[in-house]
Each structure stands twice: as structure tokens, then as C-alpha cells.
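Data file: my_file.cif. Format and content: mmCIF, C-alpha atoms.
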```
data_protein
loop_
_atom_site.label_atom_id
_atom_site.label_comp_id
_atom_site.auth_asym_id
_atom_site.auth_seq_id
_atom_site.Cartn_x
_atom_site.Cartn_y
_atom_site.Cartn_z
CA MET A 131 -21.35 4.24 14.71
CA THR A 132 -21.01 2.70 18.14
CA GLY A 133 -19.72 4.96 20.89
CA VAL A 134 -16.15 4.78 22.05
CA SER A 135 -16.98 2.97 25.29
CA ALA A 136 -19.05 0.35 23.47
CA GLN A 137 -16.23 -0.12 20.98
CA ALA A 138 -13.71 -0.54 23.75
CA ARG A 139 -15.89 -3.17 25.39
CA PHE A 140 -16.01 -5.10 22.12
CA TRP A 141 -12.30 -4.96 21.31
CA ARG A 142 -10.85 -5.30 24.81
CA GLY A 143 -8.94 -8.59 24.95
CA LYS A 144 -9.83 -9.64 21.39
CA ARG A 145 -6.97 -11.44 19.63
CA VAL A 146 -6.50 -9.55 16.37
CA LEU A 147 -4.13 -10.46 13.54
CA LEU A 148 -3.39 -7.30 11.58
CA THR A 149 -1.47 -7.70 8.34
CA GLY A 150 0.37 -4.71 6.93
CA HIS A 151 0.86 -3.13 10.35
CA THR A 152 4.15 -1.52 9.29
CA GLY A 153 2.50 0.50 6.52
CA PHE A 154 0.78 3.87 6.74
CA LYS A 155 -2.81 2.70 7.23
CA GLY A 156 -1.72 -0.37 9.15
CA ALA A 157 0.27 1.65 11.69
CA TRP A 158 -2.69 3.97 12.33
CA LEU A 159 -4.98 0.93 12.70
CA ALA A 160 -2.55 -0.75 15.11
CA LEU A 161 -2.58 2.37 17.27
CA LEU A 162 -6.39 2.43 17.22
CA LEU A 163 -6.63 -1.22 18.23
CA GLN A 164 -4.08 -0.77 21.00
CA ARG A 165 -6.09 2.18 22.30
CA LEU A 166 -9.21 -0.01 22.35
CA GLY A 167 -7.46 -2.72 24.36
CA ALA A 168 -7.14 -5.42 21.69
CA GLU A 169 -4.32 -7.96 21.77
CA VAL A 170 -2.73 -7.10 18.44
CA ALA A 171 -0.37 -9.35 16.50
CA GLY A 172 1.15 -8.20 13.23
CA LEU A 173 2.24 -9.80 9.96
CA ALA A 174 4.10 -7.59 7.51
CA LEU A 175 7.33 -6.76 5.78
CA ALA A 176 9.68 -4.26 7.39
CA PRO A 177 8.66 -0.61 6.85
CA ALA A 178 9.10 0.41 3.21
CA THR A 179 9.89 4.10 3.83
CA GLU A 180 12.30 6.16 5.88
CA PRO A 181 10.92 7.74 7.95
CA SER A 182 7.94 5.50 8.67
CA LEU A 183 4.98 6.00 10.97
CA PHE A 184 5.50 2.50 12.36
CA VAL A 185 8.93 3.46 13.70
CA ALA A 186 8.25 7.12 14.49
CA ALA A 187 5.13 6.35 16.57
CA ARG A 188 6.73 3.29 18.24
CA VAL A 189 3.82 1.12 17.11
CA ALA A 190 5.68 -2.13 17.88
CA ASP A 191 5.82 -1.26 21.59
CA GLY A 192 2.13 -2.08 22.03
CA MET A 193 1.83 -5.26 19.98
CA ASP A 194 3.38 -8.54 18.89
CA SER A 195 5.03 -7.45 15.64
CA GLY A 196 5.93 -10.24 13.22
CA LEU A 197 7.99 -9.39 10.15
CA LEU A 198 7.51 -11.86 7.32
CA ASP A 199 6.43 -12.07 3.68
CA LEU A 200 2.88 -12.99 2.64
CA CYS A 201 4.44 -14.79 -0.31
CA ASP A 202 5.96 -17.32 2.13
CA ALA A 203 2.96 -19.59 2.62
CA ALA A 204 4.59 -21.74 5.32
CA ALA A 205 5.62 -18.71 7.38
CA VAL A 206 2.13 -17.23 7.08
CA ARG A 207 0.58 -20.49 8.28
CA ASP A 208 2.97 -20.65 11.22
CA ARG A 209 2.14 -17.08 12.19
CA VAL A 210 -1.61 -17.77 12.11
CA HIS A 211 -1.19 -20.86 14.30
CA GLN A 212 1.02 -18.94 16.71
CA THR A 213 -1.33 -15.96 17.14
CA ARG A 214 -4.68 -17.84 17.22
CA PRO A 215 -6.67 -14.83 15.96
CA GLN A 216 -10.34 -14.23 16.59
CA VAL A 217 -10.41 -11.32 14.13
CA VAL A 218 -8.18 -10.84 11.07
CA LEU A 219 -7.78 -7.44 9.41
CA HIS A 220 -5.88 -7.92 6.15
CA LEU A 221 -4.24 -4.69 4.95
CA ALA A 222 -0.86 -5.98 3.72
CA ALA A 223 -0.39 -5.21 0.03
CA GLN A 224 1.70 -3.64 -2.67
CA ALA A 225 -0.46 -0.52 -2.64
CA LEU A 226 0.93 1.81 -5.33
CA VAL A 227 -0.32 2.07 -8.91
CA ARG A 228 2.98 3.18 -10.47
CA ALA A 229 4.98 0.60 -8.51
CA GLY A 230 2.64 -1.98 -9.99
CA TYR A 231 3.70 -0.92 -13.47
CA ARG A 232 7.37 -1.26 -12.50
CA ASP A 233 6.97 -4.74 -11.01
CA PRO A 234 3.66 -6.27 -12.08
CA VAL A 235 4.53 -9.87 -11.23
CA GLN A 236 5.51 -9.06 -7.66
CA THR A 237 2.39 -6.92 -7.29
CA LEU A 238 0.25 -9.87 -8.34
CA ALA A 239 2.22 -12.25 -6.12
CA THR A 240 1.71 -10.10 -3.04
CA ASN A 241 -1.86 -8.96 -3.59
CA VAL A 242 -3.35 -12.13 -5.06
CA MET A 243 -1.30 -15.09 -3.89
CA GLY A 244 -0.45 -13.37 -0.60
CA THR A 245 -4.17 -13.02 0.10
CA ALA A 246 -4.71 -16.67 -0.88
CA HIS A 247 -1.88 -17.79 1.43
CA LEU A 248 -3.42 -15.92 4.35
CA LEU A 249 -6.97 -17.11 3.76
CA ASP A 250 -5.86 -20.69 3.26
CA ALA A 251 -3.95 -20.57 6.55
CA LEU A 252 -7.18 -19.41 8.22
CA ARG A 253 -9.10 -22.50 7.15
CA ASP A 254 -8.12 -24.35 10.33
CA ALA A 255 -7.90 -21.35 12.70
CA ASP A 256 -10.22 -22.68 15.40
CA ASP A 257 -10.97 -19.43 17.23
CA LEU A 258 -11.52 -17.30 14.14
CA ARG A 259 -14.84 -15.45 13.81
CA VAL A 260 -14.27 -12.48 11.49
CA VAL A 261 -12.05 -11.58 8.50
CA VAL A 262 -11.96 -8.17 6.83
CA VAL A 263 -9.96 -8.05 3.58
CA VAL A 264 -9.08 -4.50 2.57
CA THR A 265 -8.87 -3.88 -1.16
CA THR A 266 -9.35 -0.50 -2.89
CA ASP A 267 -11.72 1.76 -4.77
CA LYS A 268 -9.78 0.82 -7.91
CA VAL A 269 -11.21 -2.72 -8.12
CA TYR A 270 -13.98 -1.60 -10.47
CA ARG A 271 -13.91 -1.81 -14.25
CA ASN A 272 -13.56 1.94 -14.64
CA ARG A 273 -15.21 3.16 -17.82
CA GLU A 274 -14.74 6.82 -16.85
CA TRP A 275 -18.50 7.17 -16.53
CA ALA A 276 -19.68 10.03 -14.34
CA TYR A 277 -21.44 7.95 -11.73
CA PRO A 278 -20.21 6.46 -8.46
CA TYR A 279 -19.44 2.75 -8.46
CA ARG A 280 -21.58 0.40 -6.38
CA GLU A 281 -20.56 -2.87 -4.77
CA ASP A 282 -22.34 -4.93 -7.43
CA ASP A 283 -20.66 -3.19 -10.40
CA ALA A 284 -18.23 -5.20 -12.52
CA LEU A 285 -14.69 -5.68 -11.26
CA GLY A 286 -11.69 -5.03 -13.47
CA GLY A 287 -8.40 -3.19 -13.72
CA ARG A 288 -6.37 -1.70 -16.56
CA ASP A 289 -3.18 -1.47 -14.50
CA PRO A 290 -1.45 -4.27 -12.55
CA TYR A 291 -2.29 -2.86 -9.11
CA SER A 292 -6.01 -2.47 -9.86
CA ALA A 293 -6.17 -5.88 -11.52
CA SER A 294 -4.42 -7.50 -8.56
CA LYS A 295 -6.89 -6.00 -6.11
CA ALA A 296 -9.88 -7.01 -8.24
CA ALA A 297 -8.45 -10.53 -8.27
CA ALA A 298 -8.04 -10.39 -4.48
CA GLU A 299 -11.77 -9.65 -4.26
CA LEU A 300 -12.46 -12.84 -6.22
CA VAL A 301 -10.07 -14.83 -4.03
CA ALA A 302 -11.79 -13.54 -0.89
CA ALA A 303 -15.26 -14.37 -2.23
CA CYS A 304 -14.08 -17.86 -3.20
CA TRP A 305 -12.60 -18.65 0.23
CA ARG A 306 -15.70 -17.26 1.95
CA ASP A 307 -18.06 -19.44 -0.10
CA ALA A 308 -15.92 -22.57 -0.40
CA PHE A 309 -14.19 -22.78 2.97
CA LEU A 310 -14.78 -20.18 5.67
CA GLY A 311 -18.50 -19.44 5.55
CA GLY A 312 -19.40 -23.05 6.25
CA ARG A 313 -17.31 -22.90 9.43
CA GLY A 314 -19.20 -19.86 10.68
CA VAL A 315 -16.42 -17.40 9.79
CA ALA A 316 -17.75 -14.10 8.39
CA LEU A 317 -15.55 -12.60 5.67
CA ALA A 318 -16.10 -9.18 4.10
CA THR A 319 -14.10 -6.96 1.78
CA ALA A 320 -13.70 -3.21 2.23
CA ARG A 321 -13.08 -0.96 -0.77
CA ALA A 322 -11.80 2.36 0.52
CA GLY A 323 -11.19 5.56 -1.36
CA ASN A 324 -7.97 7.58 -1.43
CA VAL A 325 -6.68 8.25 2.08
CA ILE A 326 -4.66 11.14 3.43
CA GLY A 327 -3.26 11.78 6.88
CA GLY A 328 -0.08 12.43 8.78
CA GLY A 329 2.70 9.87 8.68
CA ASP A 330 2.45 8.73 5.06
CA TRP A 331 5.84 8.97 3.36
CA SER A 332 5.09 6.73 0.36
CA GLU A 333 6.19 7.62 -3.14
CA ASP A 334 3.74 8.92 -5.75
CA ARG A 335 1.10 9.98 -3.26
CA LEU A 336 -0.23 13.49 -3.43
CA LEU A 337 0.18 14.90 0.08
CA PRO A 338 3.50 13.16 0.87
CA ASP A 339 4.87 14.45 -2.45
CA ALA A 340 3.60 17.95 -1.63
CA ILE A 341 5.09 17.98 1.86
CA ARG A 342 8.46 16.70 0.60
CA ALA A 343 8.56 19.37 -2.11
CA TRP A 344 7.53 22.27 0.09
CA GLN A 345 9.80 21.33 2.96
CA ALA A 346 12.68 21.31 0.47
CA GLY A 347 11.63 24.67 -1.01
CA ARG A 348 10.62 23.12 -4.35
CA GLU A 349 7.50 23.29 -6.45
CA LEU A 350 5.15 20.33 -6.38
CA VAL A 351 4.82 18.80 -9.84
CA LEU A 352 1.34 17.53 -10.75
CA ARG A 353 0.68 14.93 -13.43
CA ARG A 354 -3.11 14.90 -13.54
CA PRO A 355 -4.59 17.93 -11.77
CA GLN A 356 -8.13 17.24 -13.03
CA ALA A 357 -8.24 13.60 -11.87
CA VAL A 358 -11.15 13.05 -9.48
CA ARG A 359 -10.87 10.77 -6.44
CA PRO A 360 -12.90 10.00 -3.28
CA TRP A 361 -10.46 11.55 -0.79
CA GLN A 362 -10.83 10.96 2.95
CA HIS A 363 -8.84 11.18 6.15
CA VAL A 364 -7.26 7.84 7.03
CA LEU A 365 -9.20 7.57 10.29
CA ASP A 366 -12.53 7.46 8.45
CA PRO A 367 -12.02 4.16 6.58
CA LEU A 368 -10.20 2.68 9.59
CA ALA A 369 -13.26 3.41 11.72
CA GLY A 370 -15.26 1.70 8.99
CA TYR A 371 -13.06 -1.42 9.09
CA LEU A 372 -13.56 -1.69 12.84
CA ARG A 373 -17.31 -1.18 12.60
CA LEU A 374 -17.50 -3.78 9.84
CA ALA A 375 -15.66 -6.31 12.00
CA GLU A 376 -17.96 -5.58 14.93
CA ARG A 377 -21.04 -6.07 12.77
CA LEU A 378 -19.74 -9.33 11.30
CA TRP A 379 -19.08 -10.71 14.79
CA ASP A 380 -22.76 -10.33 15.69
CA ASP A 381 -24.23 -10.82 12.21
CA PRO A 382 -22.28 -13.13 9.87
CA ALA A 383 -24.99 -12.64 7.25
CA ALA A 384 -23.61 -9.10 6.75
CA ALA A 385 -20.57 -10.59 4.99
CA GLY A 386 -19.95 -9.15 1.53
CA ALA A 387 -18.35 -6.11 -0.10
CA TYR A 388 -18.49 -2.55 1.27
CA ASN A 389 -17.43 0.77 -0.23
CA LEU A 390 -15.97 3.16 2.35
CA GLY A 391 -15.47 6.77 1.44
CA PRO A 392 -16.99 10.25 1.38
CA ASP A 393 -20.40 10.93 -0.09
CA PRO A 394 -20.23 10.60 -3.91
CA HIS A 395 -20.70 14.34 -4.45
CA ALA A 396 -17.65 15.01 -2.24
CA ALA A 397 -15.16 13.38 -4.63
CA ALA A 398 -12.68 16.08 -5.61
CA THR A 399 -9.93 16.85 -8.11
CA VAL A 400 -6.23 16.59 -7.40
CA ARG A 401 -6.01 20.32 -8.03
CA SER A 402 -8.57 21.17 -5.35
CA VAL A 403 -6.75 19.02 -2.79
CA VAL A 404 -3.45 20.72 -3.58
CA GLU A 405 -5.01 24.18 -3.34
CA SER A 406 -6.43 23.25 0.08
CA ALA A 407 -3.03 21.89 1.14
CA CYS A 408 -1.31 25.12 0.03
CA ARG A 409 -3.68 27.14 2.19
CA ALA A 410 -3.10 24.85 5.15
CA TYR A 411 0.68 24.84 4.71
CA GLY A 412 0.83 28.62 4.42
CA CYS A 413 3.30 28.62 1.56
CA GLY A 414 4.37 26.38 -1.27
CA SER A 415 3.57 26.27 -4.96
CA TRP A 416 2.84 23.77 -7.68
CA ARG A 417 2.95 23.41 -11.44
CA ILE A 418 1.61 21.02 -14.03
CA GLU A 419 4.13 18.69 -15.64
CA PRO A 420 3.99 19.26 -19.42
CA GLY A 421 3.96 16.35 -21.84
CA GLU A 422 3.13 12.70 -21.22
CA PRO A 423 1.75 12.18 -17.68
CA GLY A 424 2.98 8.59 -17.48
CA PRO A 425 1.21 5.21 -17.35
CA HIS A 426 -2.58 5.07 -17.44
CA GLU A 427 -4.44 5.99 -14.29
CA ALA A 428 -8.18 6.52 -13.99
CA GLY A 429 -9.32 10.09 -14.55
CA TRP A 430 -12.63 9.94 -12.66
CA LEU A 431 -13.50 7.72 -9.73
CA ALA A 432 -16.16 8.01 -7.05
CA LEU A 433 -17.79 5.47 -4.75
CA GLU A 434 -21.43 4.98 -3.84
CA THR A 435 -21.27 4.49 -0.07
CA ALA A 436 -24.97 4.08 0.74
CA HIS A 437 -24.59 0.37 1.53
CA ALA A 438 -22.03 1.04 4.30
CA ARG A 439 -24.04 3.96 5.66
CA GLN A 440 -27.24 1.95 5.85
CA ARG A 441 -25.85 -1.45 6.91
CA LEU A 442 -23.03 -0.33 9.21
CA GLY A 443 -24.06 3.19 10.19
CA VAL A 444 -20.69 4.65 9.18
CA ARG A 445 -20.16 8.14 7.86
CA PRO A 446 -17.15 10.44 7.41
CA ALA A 447 -16.22 12.42 10.49
CA TRP A 448 -14.37 15.13 8.58
CA ASP A 449 -14.95 16.79 5.23
CA LEU A 450 -12.11 17.11 2.75
CA ASP A 451 -10.92 20.53 3.86
CA GLU A 452 -10.73 19.42 7.49
CA ALA A 453 -8.94 16.22 6.47
CA VAL A 454 -6.34 18.17 4.48
CA GLN A 455 -5.81 20.72 7.24
CA ARG A 456 -5.28 18.03 9.87
CA SER A 457 -2.91 16.10 7.62
CA VAL A 458 -0.77 19.11 6.80
CA ARG A 459 -0.71 20.21 10.46
CA TRP A 460 0.50 16.73 11.45
CA TYR A 461 3.46 16.93 9.05
CA ARG A 462 4.37 20.47 10.08
CA ARG A 463 4.31 19.65 13.78
CA PHE A 464 6.31 16.46 13.25
CA ALA A 465 8.91 18.45 11.31
CA ASP A 466 9.07 20.87 14.25
CA GLY A 467 9.93 18.02 16.61
CA ALA A 468 6.54 16.86 17.92
CA ASP A 469 6.17 13.22 18.92
CA ALA A 470 4.47 11.12 16.21
CA ALA A 471 2.56 8.95 18.68
CA ALA A 472 1.21 12.05 20.45
CA LEU A 473 0.16 13.60 17.14
CA CYS A 474 -1.70 10.41 16.19
CA SER A 475 -3.34 10.22 19.60
CA ALA A 476 -4.58 13.80 19.31
CA ASP A 477 -6.12 13.12 15.90
CA ILE A 478 -7.70 9.88 17.13
CA GLU A 479 -9.26 11.67 20.12
CA ALA A 480 -10.61 14.44 17.89
CA HIS A 481 -11.98 11.87 15.45
CA GLU A 482 -13.69 9.92 18.24
CA ALA A 483 -15.24 13.11 19.57
CA ARG A 484 -16.54 14.08 16.15
CA LEU A 485 -18.07 10.63 15.55
CA ALA A 486 -19.72 10.77 18.98
CA ALA A 487 -21.22 14.16 18.07
CA LEU A 488 -22.63 12.66 14.87
CA GLU A 489 -24.41 9.87 16.75
CA PRO A 490 -28.20 10.11 16.61
CA VAL A 491 -29.70 11.15 19.92
#
```
Rewrite the structure of this file - the entire thing - as C-alpha cells.
Amino acid sequence: MTGVSAQARFWRGKRVLLTGHTGFKGAWLALLLQRLGAEVAGLALAPATEPSLFVAARVADGMDSGLLDLCDAAAVRDRVHQTRPQVVLHLAAQALVRAGYRDPVQTLATNVMGTAHLLDALRDADDLRVVVVVTTDKVYRNREWAYPYREDDALGGRDPYSASKAAAELVAACWRDAFLGGRGVALATARAGNVIGGGDWSEDRLLPDAIRAWQAGRELVLRRPQAVRPWQHVLDPLAGYLRLAERLWDDPAAAGAYNLGPDPHAAATVRSVVESACRAYGCGSWRIEPGEPGPHEAGWLALETAHARQRLGVRPAWDLDEAVQRSVRWYRRFADGADAAALCSADIEAHEARLAALEPV
């Protein structure tokens, strides 16, 4: 990974359009880009949770925040023309599996047609050089086989969210081949594993659910304690998105799909993450919900990340236990009155220092 100073030289003054900047990952990424000196413009709906990291960390203070719907093609086109981006980082999405079951049509509209609206608006963006479309580890046709999925494995999706993200991969590949690549615009997709970190208050996510339960003095209820996922701290895939954009700027031939996550052997069960969170929190308990666990969700999922390691030089800064400890500490300190922006800044500085220590001499 490039050093912090080299990264800052690259991003300083770059016009970046960041979609989904009001969400959990988007707010963290906006803070990172602001720290690096980029000129950040946003495109997103209003924050979906209360509290939200976007509001708590005052993310809008350091950027041009535009609130609009990806499903409004005309508004998206106007926003692109207004911001004249050189780099686009597309994170905006309906990002929850169970919410996808509740409203499958809207999930498809946002994740598939919203992506198409954005990419189509970029066809005549004169200054554009790089597009990174963020999808998910759940784009693969998951057969519950005990091997990590590679970028050339078949796409699929048994639930509406997964299917919508697999379709977004096809949309991105189509626009790259049919429209953008010929103009010299490099477009890649990033398939990240499950992220944790302070400031996520979404529903049906493991650590936010745990923190809510324990702060209220309740037991955490688990649906699928043996489900295996490629967990990682949010700053690890975000660092990967930035490195991918940097590489594409210099080497458009690197366009394609990239898995971003921990090493395949580091994928872990829900139960092990909760046990680590209990230790970090210092108290709290959990139980398994008896009976039907709800709509189908994959039981085993891991990513082969060799392509990103070899092509981009990215690697996780923190192992799972460190990621859980830092996440839980963030929530506890925020609950005690600490400033959200300062908490994020401290984690970002620690992450940068760890990545610098991992650099080959």
C-alpha cells in the first residue's frame, strides 16, 4: 500500500464524487478523503438511522453534500454535471439482506437501476478518469461449498439484495465495455466482505444489534451463530477502494473485479465475533433464538483475496479481534460523550500507522 504522504499527494485537489456518503461506510470514506485533501462532493439520500455517523461526525462540514435519489435519473445527471468528477466512488445502495426481502422491488430499483442511472450520467463526464463501483461479497452464486470465492466464479443471488448486487456487477461491466472504456475511463468493481466499526447503527447488523442490546441491559438474540463471514474493520476495505482508484488512474488496464477482505482462513462465525465483542465490552450476554431463523441467508461465505493482494498490494491492517475491540471501544466512548469525529480520526491515524508498518522495507 502506498504511504500516507504519497496517498495525500495523489488525492489532494482531486474532484471526487462519492455516492452513499450519508451511510456508515460512506461517512467513514468521506472523512478519509477529506483528510487526504480531496474535493469531495456527495450524492445520497438523507441518513437512514438516528443517530448516524454522518451527522454525529459532522461529515457535511468538509464536503459538498448533495441529497438526492439515485432512482431520479435527471437529478443524478444534473449532479454529475455540476460536480465534474475526476474520480467516482459509488457506494450508495440498499445494503441490507432482510430489508431486501421486505421491499425487493425498491432494492432492485436502487441497486440496479440506480447504478445504471449513475453510470449513464458519466458517459459524457469530460474530466472523468476512474470509477469504482462497490458491490458485496454476496454477489456470488453461493453453493455453500467450503472454498473461498474468486473473482471469476459465477455470480448469482438467492435473496433480492444479493441478486441486485450481482446484477449491478453486470451493469458495471456492460457500461465499462460498451461506453466508458473506449473513452479512457477505468471502471472496476470492489466486492468487500462484512464490515464492522464504530458508527454503524443499521438494523440487522451484528455489532450494532449487540451494542443496542447491551446498552439497554438486554440479551443479544442470535439467529445463525454458526454462519461464517469474512469480517473486517471498515477501514480495511475503504483503504482498498482508495488504492484501487489510485491504481486505475495510472493503469486503466487494471480495471475489473476485486475481492477485498481478510485472508480466506480468517473468515469467522457469528458466534466467535459475538464472544470477542463480549470480552471487549466487559459485560453483556447473548442467546440463540429458537425456531425458524427467518428468510434464507448464506451459511458459509469466504473470499479469495489474492488478486487484490498481488495486483494492488492491499492487506488487512487489523485482525478480527483487533477490529472487534476497536469497534466496541468506539461505541463505548461515544456513549460516554466522546466526539464522533475525534473517535474516527483516532482510528484512521492508528490504521494509517499500522499500514505503514506493514510496508515492505
Sorted by chain and rising residue number, which residues of segment 346-401 of chain A lie within 12 Å of segment 469-481 of chain A, and what are their closest atom pairs and distances in Å to one decimal, counting only C-alpha atoms, as CSV?
```
residue,atom,partner,partner_atom,distance
A:His363,CA,A:His481,CA,9.8
A:Val364,CA,A:Ile478,CA,10.3
A:Leu365,CA,A:His481,CA,7.3
A:Asp366,CA,A:His481,CA,8.3
A:Pro367,CA,A:His481,CA,11.8
A:Leu368,CA,A:Ile478,CA,10.7
A:Ala369,CA,A:His481,CA,9.3
```
Store the residues of this selection in a file with C-alpha atoms, as a tab-separated table (two decimals), keeping the file's coordinate frame.
```
chain	number	residue	atom	x	y	z
A	363	HIS	CA	-8.84	11.18	6.15
A	364	VAL	CA	-7.26	7.84	7.03
A	365	LEU	CA	-9.20	7.57	10.29
A	366	ASP	CA	-12.53	7.46	8.45
A	367	PRO	CA	-12.02	4.16	6.58
A	368	LEU	CA	-10.20	2.68	9.59
A	369	ALA	CA	-13.26	3.41	11.72
```
Within 9 Å of segment 249-267 of chain A, which residues of segment 273-371 of chain A show up? Give each one with its shortest atom-to-atom distance in Å (one decimal) and the two atoms involved, counting all atoms listed in the file, rows by chain then rising residue number, as a tab-separated table.
```
residue	atom	partner	partner_atom	distance
A:Tyr279	CA	A:Asp267	CA	8.6
A:Ser292	CA	A:Thr266	CA	8.0
A:Lys295	CA	A:Thr265	CA	5.7
A:Ala296	CA	A:Thr265	CA	7.8
A:Ala298	CA	A:Thr265	CA	7.4
A:Glu299	CA	A:Thr265	CA	7.2
A:Val301	CA	A:Leu249	CA	8.7
A:Ala302	CA	A:Val263	CA	7.3
A:Trp305	CA	A:Leu249	CA	6.8
A:Arg306	CA	A:Leu249	CA	8.9
A:Phe309	CA	A:Arg253	CA	6.6
A:Leu310	CA	A:Arg253	CA	6.3
A:Arg313	CA	A:Arg253	CA	8.5
A:Gly314	CA	A:Arg259	CA	6.9
A:Val315	CA	A:Arg259	CA	4.7
A:Ala316	CA	A:Val260	CA	4.9
A:Leu317	CA	A:Val261	CA	4.6
A:Ala318	CA	A:Val262	CA	5.1
A:Thr319	CA	A:Val263	CA	4.6
A:Ala320	CA	A:Val264	CA	4.8
A:Arg321	CA	A:Thr266	CA	4.3
A:Ala322	CA	A:Thr266	CA	5.1
A:Gly323	CA	A:Asp267	CA	5.1
A:Asn324	CA	A:Asp267	CA	7.7
A:Pro360	CA	A:Asp267	CA	8.5
A:Tyr371	CA	A:Val262	CA	7.2
```
Spatial neighbours of Arg462 of chain A, max dist 10 Å, only C-alpha atoms, sep filter under 6 positions, as a ChimeraX atom specification: /A:328,341,345,410-411,456,468
Coordinates-based distance that separates atom CA of Pro355 of chain A from atom CA of Leu337 of chain A (Å, one decimal): 13.1 Å
Selection result of the PyMOL selection byres ((chain A and resi 245) around 9) on this file, as a list in words: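 Going through the file, the PyMOL selection byres ((chain A and resi 245) around 9) ends up selecting Leu200, Cys201, His220, Ala222, Ala223, Ala239, Thr240, Asn241, Val242, Met243, Gly244, Ala246, His247, Leu248, Leu249, Asp250, Val263, Ala298, Val301 and Ala302 of chain A.
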Expected selection from the PyMOL selection byres ((chain A and resi 447) around 6), given as a list of chain:residue names: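 Written out, the selection comes to A:Pro446, A:Trp448, A:Arg484, A:Leu485.
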Mind dumping a table of every segment 200-240 of chain A residue within 8 Å of segment 142-153 of chain A, with the nearest atom pair and its distance in Å to one decimal, using only C-alpha atoms, sorted by chain and rising number, as CSV?
```
residue,atom,partner,partner_atom,distance
A:Val210,CA,A:Leu147,CA,7.9
A:Thr213,CA,A:Leu147,CA,7.1
A:Arg214,CA,A:Arg145,CA,7.2
A:Pro215,CA,A:Arg145,CA,5.0
A:Gln216,CA,A:Arg145,CA,5.3
A:Val217,CA,A:Val146,CA,4.8
A:Val218,CA,A:Leu147,CA,4.8
A:Leu219,CA,A:Leu148,CA,4.9
A:His220,CA,A:Thr149,CA,4.9
A:Leu221,CA,A:Gly150,CA,5.0
A:Ala222,CA,A:Gly150,CA,3.7
A:Ala223,CA,A:Gly150,CA,7.0
```
Which residue of A:Leu173, A:Ala343, A:Ala205, A:Ala357 approaches Leu431 of chain A most closely, using all atoms listed in the file: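 Smallest distance to Leu431 of chain A is found for A:Ala357.
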Residue nearest Val227 of chain A - candidates A:Gln212, A:Gln164, A:Ser182, A:Ser294, atoms counted: only C-alpha atoms: A:Ser294
Atom-to-atom span, atom CA of Ala284 of chain A and atom CA of Gln356 of chain A, Å: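 For atom CA of Ala284 of chain A relative to atom CA of Gln356 of chain A, the distance reads 24.6 Å.
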Your completed segment 319-330 of chain A with N, CA, C and O atoms, as a PDB file, in the coordinates of the input:
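Here's the written file result.pdb:
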```
ATOM      1  N   THR A 319     -15.137  -7.785   2.383  1.00  0.00           N
ATOM      2  CA  THR A 319     -14.100  -6.960   1.780  1.00  0.00           C
ATOM      3  C   THR A 319     -14.489  -5.490   1.909  1.00  0.00           C
ATOM      4  O   THR A 319     -15.674  -5.149   1.878  1.00  0.00           O
ATOM      5  N   ALA A 320     -13.484  -4.644   2.072  1.00  0.00           N
ATOM      6  CA  ALA A 320     -13.700  -3.210   2.230  1.00  0.00           C
ATOM      7  C   ALA A 320     -12.932  -2.483   1.147  1.00  0.00           C
ATOM      8  O   ALA A 320     -11.718  -2.641   1.013  1.00  0.00           O
ATOM      9  N   ARG A 321     -13.652  -1.691   0.364  1.00  0.00           N
ATOM     10  CA  ARG A 321     -13.080  -0.960  -0.770  1.00  0.00           C
ATOM     11  C   ARG A 321     -13.056   0.520  -0.429  1.00  0.00           C
ATOM     12  O   ARG A 321     -14.061   1.221  -0.565  1.00  0.00           O
ATOM     13  N   ALA A 322     -11.906   0.983   0.027  1.00  0.00           N
ATOM     14  CA  ALA A 322     -11.800   2.360   0.520  1.00  0.00           C
ATOM     15  C   ALA A 322     -11.259   3.290  -0.543  1.00  0.00           C
ATOM     16  O   ALA A 322     -10.450   2.902  -1.390  1.00  0.00           O
ATOM     17  N   GLY A 323     -11.697   4.535  -0.464  1.00  0.00           N
ATOM     18  CA  GLY A 323     -11.190   5.560  -1.360  1.00  0.00           C
ATOM     19  C   GLY A 323      -9.808   6.035  -0.965  1.00  0.00           C
ATOM     20  O   GLY A 323      -9.184   5.516  -0.044  1.00  0.00           O
ATOM     21  N   ASN A 324      -9.312   7.052  -1.672  1.00  0.00           N
ATOM     22  CA  ASN A 324      -7.970   7.580  -1.430  1.00  0.00           C
ATOM     23  C   ASN A 324      -7.854   8.184  -0.040  1.00  0.00           C
ATOM     24  O   ASN A 324      -8.682   9.011   0.351  1.00  0.00           O
ATOM     25  N   VAL A 325      -6.827   7.771   0.705  1.00  0.00           N
ATOM     26  CA  VAL A 325      -6.680   8.250   2.080  1.00  0.00           C
ATOM     27  C   VAL A 325      -5.529   9.235   2.190  1.00  0.00           C
ATOM     28  O   VAL A 325      -4.519   9.131   1.493  1.00  0.00           O
ATOM     29  N   ILE A 326      -5.710  10.191   3.084  1.00  0.00           N
ATOM     30  CA  ILE A 326      -4.660  11.140   3.430  1.00  0.00           C
ATOM     31  C   ILE A 326      -4.573  11.184   4.951  1.00  0.00           C
ATOM     32  O   ILE A 326      -5.494  10.775   5.657  1.00  0.00           O
ATOM     33  N   GLY A 327      -3.451  11.680   5.450  1.00  0.00           N
ATOM     34  CA  GLY A 327      -3.260  11.780   6.880  1.00  0.00           C
ATOM     35  C   GLY A 327      -1.786  11.880   7.202  1.00  0.00           C
ATOM     36  O   GLY A 327      -0.929  11.554   6.367  1.00  0.00           O
ATOM     37  N   GLY A 328      -1.471  12.316   8.388  1.00  0.00           N
ATOM     38  CA  GLY A 328      -0.080  12.430   8.780  1.00  0.00           C
ATOM     39  C   GLY A 328       0.615  11.090   8.860  1.00  0.00           C
ATOM     40  O   GLY A 328       0.005  10.079   9.212  1.00  0.00           O
ATOM     41  N   GLY A 329       1.899  11.073   8.533  1.00  0.00           N
ATOM     42  CA  GLY A 329       2.700   9.870   8.680  1.00  0.00           C
ATOM     43  C   GLY A 329       2.822   9.009   7.448  1.00  0.00           C
ATOM     44  O   GLY A 329       3.410   7.925   7.511  1.00  0.00           O
ATOM     45  N   ASP A 330       2.274   9.450   6.321  1.00  0.00           N
ATOM     46  CA  ASP A 330       2.450   8.730   5.060  1.00  0.00           C
ATOM     47  C   ASP A 330       3.651   9.337   4.347  1.00  0.00           C
ATOM     48  O   ASP A 330       3.652  10.524   4.020  1.00  0.00           O
TER      49      ASP A 330
END
```
